[in-house]
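Report on the following structure.
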Amino acid sequence: MTPPAPGKLKIYLGYAAGVGKTYQMLTDAQDLHRQGHDIVIGYFEPHGRADTIAKTEGLETIPRRNVEYRGAVFEEMNTDAILARHPEICVVDEFPHTNVPGSARTKRWEDVTVLLEAGIGVLTTMNIQHLESLNDQVWQISGVRVRETIPDWVVKQADQVVMVDVTPGALVNRLLRGVVYSQEKSKKALENFFQESTLGALRELAMRQTAHESESHHVESDIAESDRNAARVGGMAHVGGMAHESESVVSLTGRVERILILVTADPSSAMVIRRAKRVADYLHADCMAVAIQRPTGGNKVGAVEREALERHLNFARNLHIDARLLDAEAAGDDPAKALVEFARVNGVTQLFLARPRGTGLRGMLQASIEQRIVWLSRDMQVTIVADRTRVA
Amino acid sequence: MTPATRRRTPEELLLQVQAEEAQDKRGRLKIFLGYASGVGKSFRMLDEGRRRAERGQDVVVGAIQLPPTPDVEPLLNKLEAIPLRQVDGVGVMDVPAILARMPRVCLVDGLAWNNPAGSMNASRWQDVRQLLDAGIAVIASINIQYIAELQGAVEKITGKHVTQTVPQSFLFGTDEIVVVDAPPEMCFGHSGQGVAGDPARIAHQLSELREIALLFAADVVDHQLETYLKQNGVAASFGTQERVMVCLTPRTSATAMIESGKRNADRFHGELIAAHVRQGQLDELARTALERNLEMARQAGAHIEILEGDDPIEAILEFARERGITQIFVGHGVDSKWWHRWTGGPVGRLIRGAQGIDVRVFPQ
């Protein structure tokens, strides 16, 4: 038996609670229902908003599943029941949701993947701040470290990303009128996330991201085409010293762009990984990550460091980055040299590193591994990724 | 991290005062922006009018595309309309009648419409400006193909030339802009977006128009954000828009840097800036080399900035912070001294100073 054609995924993208994502999604669901499509609600979060609740009328809802955790009962989407019912299209609110421990899958987006693989189309909602590669920037803008994130490749799988837009002014008005949250929660929200500048910045990110998703749909094929052409003609595409076309992913030397991330035990690694992957995605470049295990003789510090390296490499793998651990022997006594050598062997054109941490004279004299890498890798581009800290 | 708030300069304070004063008298302008007919711009505009009217605001319809589509008709029926005036068989918004009626909010479709010769204003968007000046709030809708500065890009996609346009500056001056977004399939079956051919081709064209609309709206929002931050004395940037700054000297091997900078700026739909810090007199050879590098950057579409400063690193960093640069591209100095191995040299200093900005070091 051949597996069914995967279902189509449509994401309603917003920039804050209350912009009307769920409302828009349910409006479309009603239209689809009227047109005769077999559509059900798999999960819907009413948030006590009367307008939105009214939009579910006449649509079949698959009852939620009760999950017991630490003596309390939580309700989650019942993926098995949806699979059994097997509708043509399923409405799933709050794409970035994390399931209660003990659920079959950790994340709702994983449940959605199961539905899609079964050939069920899915309509879902999310806010821009949940996109993994923007996590540091969102923190910089809003001061909020969003924990529930969705890897960019998951969003990229969507057939459609539609932006649900309202102005920050209208949103703040809705908030003040108590449409979005209760009075108490509204007050807190207005002080934090709902500052006009924060909303404006998130909104701009959502617009740019939606444009990017739309573009990558039709540009991907164009790029694949231009890659093949570039590969055929080699460096010929750049006669005259300047690239003739910005679309090509081939560097001046005719090589394909390949980004390598240096992963360390330092928490800043997550920031470097996100940023490098985002740049790689936009440039249509390959992306790899490598961590270098220093020879430590198996002491306790070594074990802690190793654990952190593994954790960071796994984080990279979850974002679909080819991530490897170079062991101590391969690294020898010079990790910087080992990294640069690894990069050369693998045809890397760009290295991504964290900003050296040391400050003052001490920092300068420490001649960090980063500094040495910049010094050694004179045939590659080296990007030192900024610490993205809170703006205002 | 301390908030990057600083004392505002007199110019910034003046800017704020002027903005607030202007705000008091002028009506607010809100625009619904769409990328094609059929995305629902007019619907959103009228629906907002309906909601405001229900909340007790005095709303009238100043101009609407006729005949109305079935989805907007029920909304139209709920709103008071000031009829268009017929001049030489052309429907013209009746500005004197609206001014006499003096509503709080006026809804206006078809911003790019030209008025017949001899009218007070040549175009409808100028009529709108008159309403705003009179203190009437305007809610309007526009299709991106009518924005003058986007015409070239839109024409390339649709192959259709539009003669009636609204200048971009008018849209950048709006108080609020809303993107009316819908997947391209939604726009099938509507005429007027000027695309023709097989469905796959139409879908492709519509999706290109959609990107232009989203990026245009993002630019407007970015502009508003910058103004807001400036008025509030926040010196930092949110980095929502990628801005690549390529640092050029006479000695730079600029080709790879400019090529890469252009690719980054293009792919992120960001800005490309090429900067040189002037230091003392250059000899003939160096001047020629620098001019060649700058010309190459100009060809790549970069804005050229000549910076002044005794300390080039400080000059670069100051400019980068001021302009909200997100990526600085520099060449790896070829004349590095032995102690630079430890201190990192000028590049090391740049890296340490570039708070919140990526630094990309290029081989030379």
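Just remember, in the structure tokens the first chain shown is A, the second B, etc., residues are 1-based per chain, and ligands are 1-based in the order shown.
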
Residue contacts of A:Gly48 (12 Å, only C-alpha atoms) excluding same-chain residues fewer than 3 positions away, as a ChimeraX atom specification: /A:18,44-45,51-54,178-182

Secondary structure check, alpha helix (DSSP H) residues of stretch 230-361 of chain B, as a ChimeraX atom specification: /B:230-231,254-267,284-299,312-323,340-343,345-353

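Minimum atom-to-atom distance to chain A, evaluated using only C-alpha atoms, belongs to B:Lys262 out of B:Lys41, B:Arg55, B:Lys262, B:Lys25.
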
Shell around stretch 237-246 of chain B at 8 Å using only C-alpha atoms, local window under 3 positions removed, as a PyMOL selection string: (chain A and resi 137+140-141+201+204-205+391) or (chain B and resi 222+226+257-258+261+264-265+268-275+320-321+323-330)

Exercise: stretch 4-10 of chain A partners within 10 Å, only C-alpha atoms, chain neighbours under 3 positions left out, as a compact mmCIF listing (two decimals) with C-alpha atoms, in the first residue's frame:
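Okay, this is what ended up in result10.txt:
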# COMPACT_ATOMS: atom_id res chain seq x y z
CA MET A 1 0.00 0.00 0.00
CA LEU A 13 0.84 33.97 11.51
CA MET A 25 -8.75 30.56 10.80
CA GLU A 88 -10.11 15.98 5.03
CA ILE A 89 -9.04 19.04 7.02
CA CYS A 90 -8.44 19.59 10.74
CA VAL A 91 -8.31 22.89 12.65
CA VAL A 112 0.34 18.05 13.47
CA THR A 113 3.12 16.31 11.55
CA VAL A 114 1.42 12.98 12.31
CA LEU A 115 -1.88 14.32 10.96
CA LEU A 116 -0.21 15.67 7.82
CA GLU A 117 1.55 12.37 7.20
CA ALA A 118 -1.80 10.61 7.43
CA GLY A 119 -3.00 12.82 4.58
CA ILE A 120 -5.06 15.21 6.71
CA GLY A 121 -4.82 18.90 5.87
CA VAL A 122 -4.22 21.21 8.84
CA LEU A 123 -5.05 24.84 9.57
CA THR A 124 -3.09 26.18 12.52
CA THR A 125 -2.07 29.41 14.29
CA VAL A 155 7.25 26.32 9.35
CA LYS A 156 8.97 26.02 5.99
CA GLN A 157 6.96 22.85 5.35
CA ALA A 158 3.76 24.86 5.34
CA ASP A 159 2.09 25.23 1.96
CA GLN A 160 0.77 28.61 3.01
CA VAL A 161 1.71 31.14 5.63
CA VAL A 162 -0.83 33.94 5.91
CA PRO B 183 -3.16 33.26 -0.08

Would you kindly return, as a tab-separated table (two decimals) with C-alpha atoms, in the first residue's frame, each protein, DNA or RNA residue with an atom no farther than 12 Å from any atom of A:Leu131, considering only C-alpha atoms and excluding same-chain residues fewer than 4 positions away?
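As a result, out33.tsv now contains:
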chain	number	residue	atom	x	y	z
A	13	LEU	CA	0.84	33.97	11.51
A	14	GLY	CA	0.39	36.83	13.96
A	15	TYR	CA	2.59	38.93	16.18
A	95	PHE	CA	0.83	25.34	16.91
A	96	PRO	CA	3.76	25.97	19.33
A	126	MET	CA	1.16	30.82	15.68
A	127	ASN	CA	2.88	34.07	16.57
A	135	ASN	CA	14.29	33.73	19.63
A	136	ASP	CA	17.22	35.99	20.52
A	137	GLN	CA	15.88	38.91	18.54
A	138	VAL	CA	12.47	38.57	20.17
A	139	TRP	CA	14.15	38.59	23.55
A	145	ARG	CA	12.57	34.62	26.47
A	146	VAL	CA	10.00	32.53	24.61
A	147	ARG	CA	10.29	28.88	25.64
A	148	GLU	CA	7.83	27.27	23.27
A	149	THR	CA	9.57	27.49	19.92
A	150	ILE	CA	9.06	25.88	16.53
A	151	PRO	CA	12.06	25.00	14.36
A	152	ASP	CA	12.13	27.03	11.16
A	153	TRP	CA	12.08	23.91	8.97
A	154	VAL	CA	8.69	22.97	10.39
A	155	VAL	CA	7.25	26.32	9.35
A	156	LYS	CA	8.97	26.02	5.99
A	202	LEU	CA	7.32	42.07	16.23
A	205	LEU	CA	9.32	40.73	11.82
A	206	ALA	CA	6.08	38.89	11.04
A	209	GLN	CA	8.91	36.46	7.65
A	210	THR	CA	5.65	36.03	5.74
A	274	ARG	CA	20.12	30.24	15.58
A	278	ARG	CA	18.90	31.85	9.79
A	319	LEU	CA	17.11	22.58	13.65

Residue set, stretch 102-305 of chain B restricted to strand (DSSP E), as number ranges by chain: B: 105-108, 137-143, 176-179, 243-247, 271-278, 303-305

Close residues, B:Arg292 itself excluded, 9 Å, only C-alpha atoms, min 5 positions apart in chain, as an MDAnalysis selection string: chainID B and resid 250 287 297

Output file for the residues above (C-alpha atoms, as an mmCIF file, in the first residue's frame):
data_model
loop_
_atom_site.group_PDB
_atom_site.id
_atom_site.type_symbol
_atom_site.label_atom_id
_atom_site.label_comp_id
_atom_site.auth_asym_id
_atom_site.auth_seq_id
_atom_site.Cartn_x
_atom_site.Cartn_y
_atom_site.Cartn_z
ATOM 1 C CA PRO B 250 42.082 51.601 -0.545
ATOM 2 C CA ARG B 287 42.863 57.383 -4.103
ATOM 3 C CA ALA B 297 29.845 49.306 -4.181
#

Residue neighbourhood A:Glu310, 12 Å, only C-alpha atoms, exclusion window fewer than 3 positions, as an MDAnalysis selection string: chainID A and resid 263:266 269 289:293 303:307 313:317 323:327

Can I get the selected residues back with N, CA and C atoms, as a PDB file, in the first residue's frame?
ATOM      1  N   VAL A 263      30.474  25.202  17.933  1.00  0.00           N
ATOM      2  CA  VAL A 263      29.654  25.011  19.126  1.00  0.00           C
ATOM      3  C   VAL A 263      30.586  24.828  20.318  1.00  0.00           C
ATOM      4  N   THR A 264      30.348  25.575  21.383  1.00  0.00           N
ATOM      5  CA  THR A 264      31.142  25.405  22.596  1.00  0.00           C
ATOM      6  C   THR A 264      30.206  25.046  23.749  1.00  0.00           C
ATOM      7  N   ALA A 265      30.784  24.918  24.939  1.00  0.00           N
ATOM      8  CA  ALA A 265      29.962  24.603  26.110  1.00  0.00           C
ATOM      9  C   ALA A 265      29.263  25.859  26.628  1.00  0.00           C
ATOM     10  N   ASP A 266      29.666  27.021  26.130  1.00  0.00           N
ATOM     11  CA  ASP A 266      29.090  28.282  26.592  1.00  0.00           C
ATOM     12  C   ASP A 266      27.637  28.416  26.106  1.00  0.00           C
ATOM     13  N   SER A 269      26.262  29.544  22.639  1.00  0.00           N
ATOM     14  CA  SER A 269      26.219  28.680  21.457  1.00  0.00           C
ATOM     15  C   SER A 269      24.839  28.663  20.815  1.00  0.00           C
ATOM     16  N   ALA A 289      27.619  22.136  11.977  1.00  0.00           N
ATOM     17  CA  ALA A 289      28.103  22.596  13.280  1.00  0.00           C
ATOM     18  C   ALA A 289      29.104  21.587  13.800  1.00  0.00           C
ATOM     19  N   VAL A 290      30.097  22.087  14.516  1.00  0.00           N
ATOM     20  CA  VAL A 290      31.066  21.176  15.095  1.00  0.00           C
ATOM     21  C   VAL A 290      31.437  21.674  16.486  1.00  0.00           C
ATOM     22  N   ALA A 291      31.599  20.719  17.398  1.00  0.00           N
ATOM     23  CA  ALA A 291      32.095  21.038  18.741  1.00  0.00           C
ATOM     24  C   ALA A 291      33.401  20.296  18.925  1.00  0.00           C
ATOM     25  N   ILE A 292      34.301  20.904  19.662  1.00  0.00           N
ATOM     26  CA  ILE A 292      35.590  20.257  19.873  1.00  0.00           C
ATOM     27  C   ILE A 292      35.742  19.889  21.339  1.00  0.00           C
ATOM     28  N   GLN A 293      35.889  18.613  21.567  1.00  0.00           N
ATOM     29  CA  GLN A 293      36.064  18.118  22.934  1.00  0.00           C
ATOM     30  C   GLN A 293      37.537  18.282  23.286  1.00  0.00           C
ATOM     31  N   ALA A 303      33.372  16.131  32.102  1.00  0.00           N
ATOM     32  CA  ALA A 303      32.057  15.504  31.943  1.00  0.00           C
ATOM     33  C   ALA A 303      30.968  16.558  31.805  1.00  0.00           C
ATOM     34  N   VAL A 304      31.059  17.607  32.596  1.00  0.00           N
ATOM     35  CA  VAL A 304      30.066  18.689  32.539  1.00  0.00           C
ATOM     36  C   VAL A 304      30.136  19.376  31.181  1.00  0.00           C
ATOM     37  N   GLU A 305      31.364  19.623  30.748  1.00  0.00           N
ATOM     38  CA  GLU A 305      31.539  20.288  29.464  1.00  0.00           C
ATOM     39  C   GLU A 305      31.008  19.415  28.335  1.00  0.00           C
ATOM     40  N   ARG A 306      31.306  18.149  28.423  1.00  0.00           N
ATOM     41  CA  ARG A 306      30.873  17.214  27.391  1.00  0.00           C
ATOM     42  C   ARG A 306      29.339  17.185  27.301  1.00  0.00           C
ATOM     43  N   GLU A 307      28.723  17.201  28.472  1.00  0.00           N
ATOM     44  CA  GLU A 307      27.259  17.174  28.521  1.00  0.00           C
ATOM     45  C   GLU A 307      26.697  18.424  27.829  1.00  0.00           C
ATOM     46  N   LEU A 313      24.839  20.416  20.555  1.00  0.00           N
ATOM     47  CA  LEU A 313      24.831  19.745  19.253  1.00  0.00           C
ATOM     48  C   LEU A 313      23.442  19.201  18.941  1.00  0.00           C
ATOM     49  N   ASN A 314      22.777  18.675  19.968  1.00  0.00           N
ATOM     50  CA  ASN A 314      21.422  18.168  19.759  1.00  0.00           C
ATOM     51  C   ASN A 314      20.460  19.286  19.388  1.00  0.00           C
ATOM     52  N   PHE A 315      20.653  20.426  20.020  1.00  0.00           N
ATOM     53  CA  PHE A 315      19.846  21.593  19.678  1.00  0.00           C
ATOM     54  C   PHE A 315      20.013  21.913  18.191  1.00  0.00           C
ATOM     55  N   ALA A 316      21.265  21.877  17.737  1.00  0.00           N
ATOM     56  CA  ALA A 316      21.546  22.137  16.319  1.00  0.00           C
ATOM     57  C   ALA A 316      20.882  21.083  15.433  1.00  0.00           C
ATOM     58  N   ARG A 317      20.970  19.819  15.856  1.00  0.00           N
ATOM     59  CA  ARG A 317      20.373  18.737  15.050  1.00  0.00           C
ATOM     60  C   ARG A 317      18.867  18.924  14.933  1.00  0.00           C
ATOM     61  N   ALA A 323      25.465  18.199  12.704  1.00  0.00           N
ATOM     62  CA  ALA A 323      26.289  18.590  13.853  1.00  0.00           C
ATOM     63  C   ALA A 323      27.143  17.429  14.344  1.00  0.00           C
ATOM     64  N   ARG A 324      28.437  17.704  14.555  1.00  0.00           N
ATOM     65  CA  ARG A 324      29.362  16.632  14.944  1.00  0.00           C
ATOM     66  C   ARG A 324      30.259  17.048  16.096  1.00  0.00           C
ATOM     67  N   LEU A 325      30.706  16.032  16.813  1.00  0.00           N
ATOM     68  CA  LEU A 325      31.667  16.244  17.893  1.00  0.00           C
ATOM     69  C   LEU A 325      33.027  15.755  17.422  1.00  0.00           C
ATOM     70  N   LEU A 326      33.999  16.663  17.437  1.00  0.00           N
ATOM     71  CA  LEU A 326      35.370  16.282  17.094  1.00  0.00           C
ATOM     72  C   LEU A 326      36.053  15.884  18.395  1.00  0.00           C
ATOM     73  N   ASP A 327      36.590  14.691  18.467  1.00  0.00           N
ATOM     74  CA  ASP A 327      37.121  14.287  19.771  1.00  0.00           C
ATOM     75  C   ASP A 327      38.516  14.852  20.010  1.00  0.00           C
TER      76      ASP A 327
END

Residue nearest A:Val272 among A:Arg372, A:Arg344, A:His86, A:Arg388 (counting only C-alpha atoms): A:Arg388

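Proximity ranking of B:Ile313, B:Leu350, B:Met120, B:Leu229 relative to chain A places B:Leu229 first, based on only C-alpha atoms.
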
Pick from A:Pro63, A:Gly169, A:Pro46, A:Gly302 nearest to chain B, counting only C-alpha atoms: A:Gly169
